[in-house]
$ cat target-v3.cif   # mmCIF, C-alpha atoms
data_model
loop_
_atom_site.group_PDB
_atom_site.id
_atom_site.type_symbol
_atom_site.label_atom_id
_atom_site.label_comp_id
_atom_site.auth_asym_id
_atom_site.auth_seq_id
_atom_site.Cartn_x
_atom_site.Cartn_y
_atom_site.Cartn_z
ATOM 1 C CA GLN H 1 10.521 6.491 -5.591
ATOM 2 C CA TRP H 2 11.742 9.921 -6.636
ATOM 3 C CA ARG H 3 13.801 12.567 -4.861
ATOM 4 C CA CYS H 4 12.345 16.058 -5.155
ATOM 5 C CA PRO H 5 12.707 18.853 -6.248
ATOM 6 C CA LYS H 6 14.914 17.613 -9.109
ATOM 7 C CA GLY H 7 12.907 14.413 -9.629
ATOM 8 C CA GLU H 8 15.904 12.067 -9.325
ATOM 9 C CA PHE H 9 15.015 8.364 -9.476
ATOM 10 C CA VAL H 10 15.813 6.511 -6.217
ATOM 11 C CA GLN H 11 14.257 3.016 -6.336
ATOM 12 C CA ASN H 12 11.302 0.884 -7.444
ATOM 13 C CA PHE H 13 8.616 -0.515 -5.195
ATOM 14 C CA ASP H 14 7.988 -4.130 -6.205
ATOM 15 C CA GLN H 15 4.261 -4.930 -6.513
ATOM 16 C CA GLY H 16 5.147 -8.610 -6.351
ATOM 17 C CA ASN H 17 2.163 -10.183 -8.108
ATOM 18 C CA GLY H 18 2.345 -8.414 -11.450
ATOM 19 C CA SER H 19 -0.932 -6.554 -11.041
ATOM 20 C CA ILE H 20 -1.507 -3.055 -12.403
ATOM 21 C CA ILE H 21 -1.346 -0.361 -9.720
ATOM 22 C CA ASN H 22 -4.198 2.130 -10.055
ATOM 23 C CA SER H 23 -3.718 4.144 -6.893
ATOM 24 C CA LEU H 24 -1.036 5.251 -4.435
ATOM 25 C CA ALA H 25 -1.374 7.090 -1.130
ATOM 26 C CA VAL H 26 1.212 8.120 1.476
ATOM 27 C CA ASN H 27 0.575 9.142 5.075
ATOM 28 C CA SER H 28 2.701 11.316 7.367
ATOM 29 C CA ASP H 29 4.270 8.229 8.999
ATOM 30 C CA GLY H 30 5.844 7.194 5.697
ATOM 31 C CA VAL H 31 3.412 4.381 4.908
ATOM 32 C CA VAL H 32 2.846 3.921 1.172
ATOM 33 C CA PHE H 33 -0.391 2.229 0.123
ATOM 34 C CA SER H 34 -0.860 0.754 -3.344
ATOM 35 C CA GLY H 35 -4.197 -0.439 -4.693
ATOM 36 C CA ALA H 36 -4.362 -2.556 -7.836
ATOM 37 C CA ASP H 37 -6.805 -3.573 -10.544
ATOM 38 C CA ASN H 38 -7.213 -7.068 -9.075
ATOM 39 C CA GLY H 39 -8.070 -5.798 -5.569
ATOM 40 C CA SER H 40 -4.667 -6.407 -4.035
ATOM 41 C CA MET H 41 -3.582 -3.940 -1.379
ATOM 42 C CA ARG H 42 0.001 -3.438 -0.216
ATOM 43 C CA PHE H 43 1.426 -1.324 2.569
ATOM 44 C CA CYS H 44 5.120 -0.434 2.326
ATOM 45 C CA ASP H 45 7.679 1.668 4.147
ATOM 46 C CA TRP H 46 8.534 4.799 2.132
ATOM 47 C CA LYS H 47 12.246 4.911 3.011
ATOM 48 C CA SER H 48 13.163 1.264 2.543
ATOM 49 C CA GLY H 49 10.458 0.129 0.100
ATOM 50 C CA HIS H 50 9.798 -2.908 2.322
ATOM 51 C CA CYS H 51 6.256 -4.291 2.031
ATOM 52 C CA PHE H 52 5.075 -5.066 5.555
ATOM 53 C CA GLN H 53 1.454 -5.982 4.824
ATOM 54 C CA GLU H 54 -0.454 -7.463 1.878
ATOM 55 C CA THR H 55 -4.175 -8.108 1.679
ATOM 56 C CA GLU H 56 -7.075 -8.040 -0.764
ATOM 57 C CA THR H 57 -10.188 -5.919 -0.754
ATOM 58 C CA ILE H 58 -13.601 -7.400 -0.032
ATOM 59 C CA VAL H 59 -15.973 -7.316 -3.005
ATOM 60 C CA GLN H 60 -19.488 -6.008 -2.347
ATOM 61 C CA PRO H 61 -21.996 -8.914 -2.170
ATOM 62 C CA GLY H 62 -23.660 -9.350 -5.566
ATOM 63 C CA SER H 63 -20.662 -7.991 -7.468
ATOM 64 C CA LEU H 64 -18.485 -9.960 -9.864
ATOM 65 C CA ASP H 65 -14.964 -10.951 -8.802
ATOM 66 C CA SER H 66 -13.686 -8.834 -11.675
ATOM 67 C CA GLU H 67 -15.061 -5.764 -9.871
ATOM 68 C CA ALA H 68 -12.448 -6.002 -7.112
ATOM 69 C CA GLY H 69 -10.250 -3.222 -8.528
ATOM 70 C CA ILE H 70 -9.203 -0.225 -6.468
ATOM 71 C CA PHE H 71 -9.411 3.018 -8.469
ATOM 72 C CA CYS H 72 -8.468 5.685 -5.915
ATOM 73 C CA SER H 73 -7.173 5.992 -2.366
ATOM 74 C CA THR H 74 -6.241 8.549 0.255
ATOM 75 C CA PHE H 75 -5.469 8.652 3.948
ATOM 76 C CA ASP H 76 -7.643 10.852 6.183
ATOM 77 C CA GLN H 77 -6.098 13.822 8.003
ATOM 78 C CA THR H 78 -5.040 11.673 10.961
ATOM 79 C CA GLY H 79 -3.220 9.237 8.652
ATOM 80 C CA PHE H 80 -4.773 6.265 10.463
ATOM 81 C CA ARG H 81 -7.726 5.572 8.160
ATOM 82 C CA LEU H 82 -7.486 4.660 4.491
ATOM 83 C CA ILE H 83 -10.336 5.571 2.140
ATOM 84 C CA THR H 84 -10.657 3.681 -1.158
ATOM 85 C CA GLY H 85 -12.936 4.016 -4.182
ATOM 86 C CA GLU H 86 -13.458 0.681 -5.857
ATOM 87 C CA ALA H 87 -14.718 -0.939 -9.059
ATOM 88 C CA ASP H 88 -17.742 -2.450 -7.300
ATOM 89 C CA LYS H 89 -19.063 1.133 -6.881
ATOM 90 C CA THR H 90 -18.227 1.295 -3.174
ATOM 91 C CA ILE H 91 -16.241 3.668 -1.004
ATOM 92 C CA LYS H 92 -14.533 1.800 1.807
ATOM 93 C CA ILE H 93 -12.920 3.151 4.954
ATOM 94 C CA TRP H 94 -10.205 0.960 6.458
ATOM 95 C CA LYS H 95 -8.706 1.391 9.937
ATOM 96 C CA GLU H 96 -5.689 -0.015 11.722
ATOM 97 C CA ASP H 97 -6.095 -3.155 13.793
ATOM 98 C CA ASP H 98 -6.103 -1.957 17.422
ATOM 99 C CA GLU H 99 -5.234 -5.465 18.621
ATOM 100 C CA ALA H 100 -2.123 -5.824 16.401
ATOM 101 C CA THR H 101 1.215 -6.262 18.158
ATOM 102 C CA GLU H 102 4.728 -7.116 17.030
ATOM 103 C CA ASP H 103 4.065 -10.698 18.186
ATOM 104 C CA SER H 104 0.779 -11.105 16.293
ATOM 105 C CA HIS H 105 2.109 -9.425 13.114
ATOM 106 C CA PRO H 106 5.886 -9.984 12.973
ATOM 107 C CA ILE H 107 7.877 -8.112 10.345
ATOM 108 C CA ASP H 108 10.393 -10.217 8.446
ATOM 109 C CA PHE H 109 12.609 -7.485 7.025
ATOM 110 C CA ARG H 110 15.902 -8.377 5.362
ATOM 111 C CA PRO H 111 17.104 -5.310 3.493
ATOM 112 C CA SER H 112 19.301 -5.763 0.481
ATOM 113 C CA LEU H 113 22.638 -4.008 0.397
ATOM 114 C CA SER H 114 21.759 -2.117 -2.764
ATOM 115 C CA ARG H 115 18.596 -0.454 -3.988
ATOM 116 C CA ARG H 116 16.969 -1.970 -7.069
ATOM 117 C CA ARG H 117 16.930 0.392 -10.015
ATOM 118 C CA HIS H 118 15.191 -0.829 -13.159
#
$ encode --input "target-v3.cif" --output "structure tokens"
Amino acid sequence: QWRCPKGEFVQNFDQGNGSIINSLAVNSDGVVFSGADNGSMRFCDWKSGHCFQETETIVQPGSLDSEAGIFCSTFDQTGFRLITGEADKTIKIWKEDDEATEDSHPIDFRPSLSRRRH
């Protein structure tokens, strides 16, 4: 994370599983999406860096597991739908779960007292 306009370093976002991040996207609500070469998808809070959701993409039937990579991503103008371009030659549009609540998807957030800087 960088602070503009001077480009001062603020903190790292931990990918957690050691995969290579190919794509980042941020919406107006401060949600940061990262898509990786192994198909892992992470959604984090921009201010705190806390990852509140992790999942993996779904490979197109007939594709190899190695074609799970996410090459590009963007949020649509509303910020509610995520569009990804993937290694299996597909473009996928993801939407929020309308049924999700704080009870069905609890957030276990324990912020550290200091920001990690490496």
$ resolve_selection --input "target-v3.cif" --expression "the PyMOL selection byres ((chain H and resi 31-36) around 7)" --output "PyMOL selection string"
chain H and resi 19-27+29-30+37-46+69-70
$ resolve_selection --input "target-v3.cif" --expression "the PyMOL selection byres ((chain H and resi 88) around 7)" --output "compact mmCIF listing (two decimals) with C-alpha atoms, in the coordinates of the input"
# COMPACT_ATOMS: atom_id res chain seq x y z
CA VAL H 59 -15.97 -7.32 -3.00
CA GLN H 60 -19.49 -6.01 -2.35
CA SER H 63 -20.66 -7.99 -7.47
CA GLU H 67 -15.06 -5.76 -9.87
CA ALA H 68 -12.45 -6.00 -7.11
CA GLU H 86 -13.46 0.68 -5.86
CA ALA H 87 -14.72 -0.94 -9.06
CA LYS H 89 -19.06 1.13 -6.88
CA THR H 90 -18.23 1.30 -3.17
$ resolve_selection --input "target-v3.cif" --expression "the PyMOL selection byres ((chain H and resi 79) around 9)" --output "PyMOL selection string"
chain H and resi 26-29+74-78+80-82
$ build_atoms --input "target-v3.cif" --residues "stretch 45-77 of chain H" --atoms "N, CA and C atoms" --output "PDB file, in the frame of the given file"
ATOM      1  N   ASP H  45       6.939   0.588   3.508  1.00  0.00           N
ATOM      2  CA  ASP H  45       7.679   1.668   4.147  1.00  0.00           C
ATOM      3  C   ASP H  45       8.285   2.553   3.064  1.00  0.00           C
ATOM      4  N   TRP H  46       8.073   3.866   3.165  1.00  0.00           N
ATOM      5  CA  TRP H  46       8.534   4.799   2.132  1.00  0.00           C
ATOM      6  C   TRP H  46      10.049   4.781   1.986  1.00  0.00           C
ATOM      7  N   LYS H  47      10.794   4.801   3.086  1.00  0.00           N
ATOM      8  CA  LYS H  47      12.246   4.911   3.011  1.00  0.00           C
ATOM      9  C   LYS H  47      12.907   3.657   2.461  1.00  0.00           C
ATOM     10  N   SER H  48      12.488   2.497   2.946  1.00  0.00           N
ATOM     11  CA  SER H  48      13.163   1.264   2.543  1.00  0.00           C
ATOM     12  C   SER H  48      12.493   0.567   1.355  1.00  0.00           C
ATOM     13  N   GLY H  49      11.197   0.825   1.142  1.00  0.00           N
ATOM     14  CA  GLY H  49      10.458   0.129   0.100  1.00  0.00           C
ATOM     15  C   GLY H  49       9.963  -1.239   0.538  1.00  0.00           C
ATOM     16  N   HIS H  50      10.202  -1.598   1.804  1.00  0.00           N
ATOM     17  CA  HIS H  50       9.798  -2.908   2.322  1.00  0.00           C
ATOM     18  C   HIS H  50       8.286  -2.997   2.463  1.00  0.00           C
ATOM     19  N   CYS H  51       7.683  -4.040   1.894  1.00  0.00           N
ATOM     20  CA  CYS H  51       6.256  -4.291   2.031  1.00  0.00           C
ATOM     21  C   CYS H  51       6.025  -5.042   3.333  1.00  0.00           C
ATOM     22  N   PHE H  52       5.296  -4.421   4.267  1.00  0.00           N
ATOM     23  CA  PHE H  52       5.075  -5.066   5.555  1.00  0.00           C
ATOM     24  C   PHE H  52       3.673  -5.643   5.707  1.00  0.00           C
ATOM     25  N   GLN H  53       2.781  -5.369   4.762  1.00  0.00           N
ATOM     26  CA  GLN H  53       1.454  -5.982   4.824  1.00  0.00           C
ATOM     27  C   GLN H  53       0.861  -6.076   3.429  1.00  0.00           C
ATOM     28  N   GLU H  54       0.258  -7.238   3.134  1.00  0.00           N
ATOM     29  CA  GLU H  54      -0.454  -7.463   1.878  1.00  0.00           C
ATOM     30  C   GLU H  54      -1.826  -8.036   2.210  1.00  0.00           C
ATOM     31  N   THR H  55      -2.834  -7.580   1.502  1.00  0.00           N
ATOM     32  CA  THR H  55      -4.175  -8.108   1.679  1.00  0.00           C
ATOM     33  C   THR H  55      -4.957  -7.865   0.402  1.00  0.00           C
ATOM     34  N   GLU H  56      -6.199  -8.287   0.382  1.00  0.00           N
ATOM     35  CA  GLU H  56      -7.075  -8.040  -0.764  1.00  0.00           C
ATOM     36  C   GLU H  56      -8.352  -7.389  -0.273  1.00  0.00           C
ATOM     37  N   THR H  57      -8.943  -6.568  -1.113  1.00  0.00           N
ATOM     38  CA  THR H  57     -10.188  -5.919  -0.754  1.00  0.00           C
ATOM     39  C   THR H  57     -11.328  -6.933  -0.735  1.00  0.00           C
ATOM     40  N   ILE H  58     -12.416  -6.554  -0.118  1.00  0.00           N
ATOM     41  CA  ILE H  58     -13.601  -7.400  -0.032  1.00  0.00           C
ATOM     42  C   ILE H  58     -14.623  -6.880  -1.033  1.00  0.00           C
ATOM     43  N   VAL H  59     -15.026  -7.725  -1.969  1.00  0.00           N
ATOM     44  CA  VAL H  59     -15.973  -7.316  -3.005  1.00  0.00           C
ATOM     45  C   VAL H  59     -17.378  -7.228  -2.405  1.00  0.00           C
ATOM     46  N   GLN H  60     -18.108  -6.196  -2.796  1.00  0.00           N
ATOM     47  CA  GLN H  60     -19.488  -6.008  -2.347  1.00  0.00           C
ATOM     48  C   GLN H  60     -20.328  -7.221  -2.734  1.00  0.00           C
ATOM     49  N   PRO H  61     -21.146  -7.769  -1.811  1.00  0.00           N
ATOM     50  CA  PRO H  61     -21.996  -8.914  -2.170  1.00  0.00           C
ATOM     51  C   PRO H  61     -22.862  -8.594  -3.390  1.00  0.00           C
ATOM     52  N   GLY H  62     -22.912  -9.535  -4.325  1.00  0.00           N
ATOM     53  CA  GLY H  62     -23.660  -9.350  -5.566  1.00  0.00           C
ATOM     54  C   GLY H  62     -22.803  -8.847  -6.710  1.00  0.00           C
ATOM     55  N   SER H  63     -21.568  -8.471  -6.429  1.00  0.00           N
ATOM     56  CA  SER H  63     -20.662  -7.991  -7.468  1.00  0.00           C
ATOM     57  C   SER H  63     -19.866  -9.154  -8.044  1.00  0.00           C
ATOM     58  N   LEU H  64     -19.353  -8.968  -9.235  1.00  0.00           N
ATOM     59  CA  LEU H  64     -18.485  -9.960  -9.864  1.00  0.00           C
ATOM     60  C   LEU H  64     -17.088  -9.871  -9.261  1.00  0.00           C
ATOM     61  N   ASP H  65     -16.344 -10.971  -9.296  1.00  0.00           N
ATOM     62  CA  ASP H  65     -14.964 -10.951  -8.802  1.00  0.00           C
ATOM     63  C   ASP H  65     -14.100  -9.976  -9.596  1.00  0.00           C
ATOM     64  N   SER H  66     -14.459  -9.757 -10.845  1.00  0.00           N
ATOM     65  CA  SER H  66     -13.686  -8.834 -11.675  1.00  0.00           C
ATOM     66  C   SER H  66     -13.880  -7.377 -11.255  1.00  0.00           C
ATOM     67  N   GLU H  67     -14.822  -7.113 -10.358  1.00  0.00           N
ATOM     68  CA  GLU H  67     -15.061  -5.764  -9.871  1.00  0.00           C
ATOM     69  C   GLU H  67     -14.334  -5.487  -8.553  1.00  0.00           C
ATOM     70  N   ALA H  68     -13.212  -6.165  -8.346  1.00  0.00           N
ATOM     71  CA  ALA H  68     -12.448  -6.002  -7.112  1.00  0.00           C
ATOM     72  C   ALA H  68     -11.428  -4.878  -7.188  1.00  0.00           C
ATOM     73  N   GLY H  69     -11.284  -4.230  -8.341  1.00  0.00           N
ATOM     74  CA  GLY H  69     -10.250  -3.222  -8.528  1.00  0.00           C
ATOM     75  C   GLY H  69     -10.388  -2.021  -7.618  1.00  0.00           C
ATOM     76  N   ILE H  70      -9.248  -1.446  -7.273  1.00  0.00           N
ATOM     77  CA  ILE H  70      -9.203  -0.225  -6.468  1.00  0.00           C
ATOM     78  C   ILE H  70      -8.790   0.910  -7.400  1.00  0.00           C
ATOM     79  N   PHE H  71      -9.658   1.917  -7.540  1.00  0.00           N
ATOM     80  CA  PHE H  71      -9.411   3.018  -8.469  1.00  0.00           C
ATOM     81  C   PHE H  71      -8.729   4.220  -7.821  1.00  0.00           C
ATOM     82  N   CYS H  72      -9.048   4.512  -6.558  1.00  0.00           N
ATOM     83  CA  CYS H  72      -8.468   5.685  -5.915  1.00  0.00           C
ATOM     84  C   CYS H  72      -8.315   5.425  -4.423  1.00  0.00           C
ATOM     85  N   SER H  73      -7.409   6.169  -3.791  1.00  0.00           N
ATOM     86  CA  SER H  73      -7.173   5.992  -2.366  1.00  0.00           C
ATOM     87  C   SER H  73      -6.578   7.260  -1.777  1.00  0.00           C
ATOM     88  N   THR H  74      -6.840   7.457  -0.494  1.00  0.00           N
ATOM     89  CA  THR H  74      -6.241   8.549   0.255  1.00  0.00           C
ATOM     90  C   THR H  74      -6.299   8.212   1.733  1.00  0.00           C
ATOM     91  N   PHE H  75      -5.396   8.767   2.502  1.00  0.00           N
ATOM     92  CA  PHE H  75      -5.469   8.652   3.948  1.00  0.00           C
ATOM     93  C   PHE H  75      -6.230   9.868   4.471  1.00  0.00           C
ATOM     94  N   ASP H  76      -6.967   9.699   5.581  1.00  0.00           N
ATOM     95  CA  ASP H  76      -7.643  10.852   6.183  1.00  0.00           C
ATOM     96  C   ASP H  76      -6.603  11.752   6.845  1.00  0.00           C
ATOM     97  N   GLN H  77      -7.037  12.845   7.437  1.00  0.00           N
ATOM     98  CA  GLN H  77      -6.098  13.822   8.003  1.00  0.00           C
ATOM     99  C   GLN H  77      -5.271  13.252   9.148  1.00  0.00           C
TER     100      GLN H  77
END
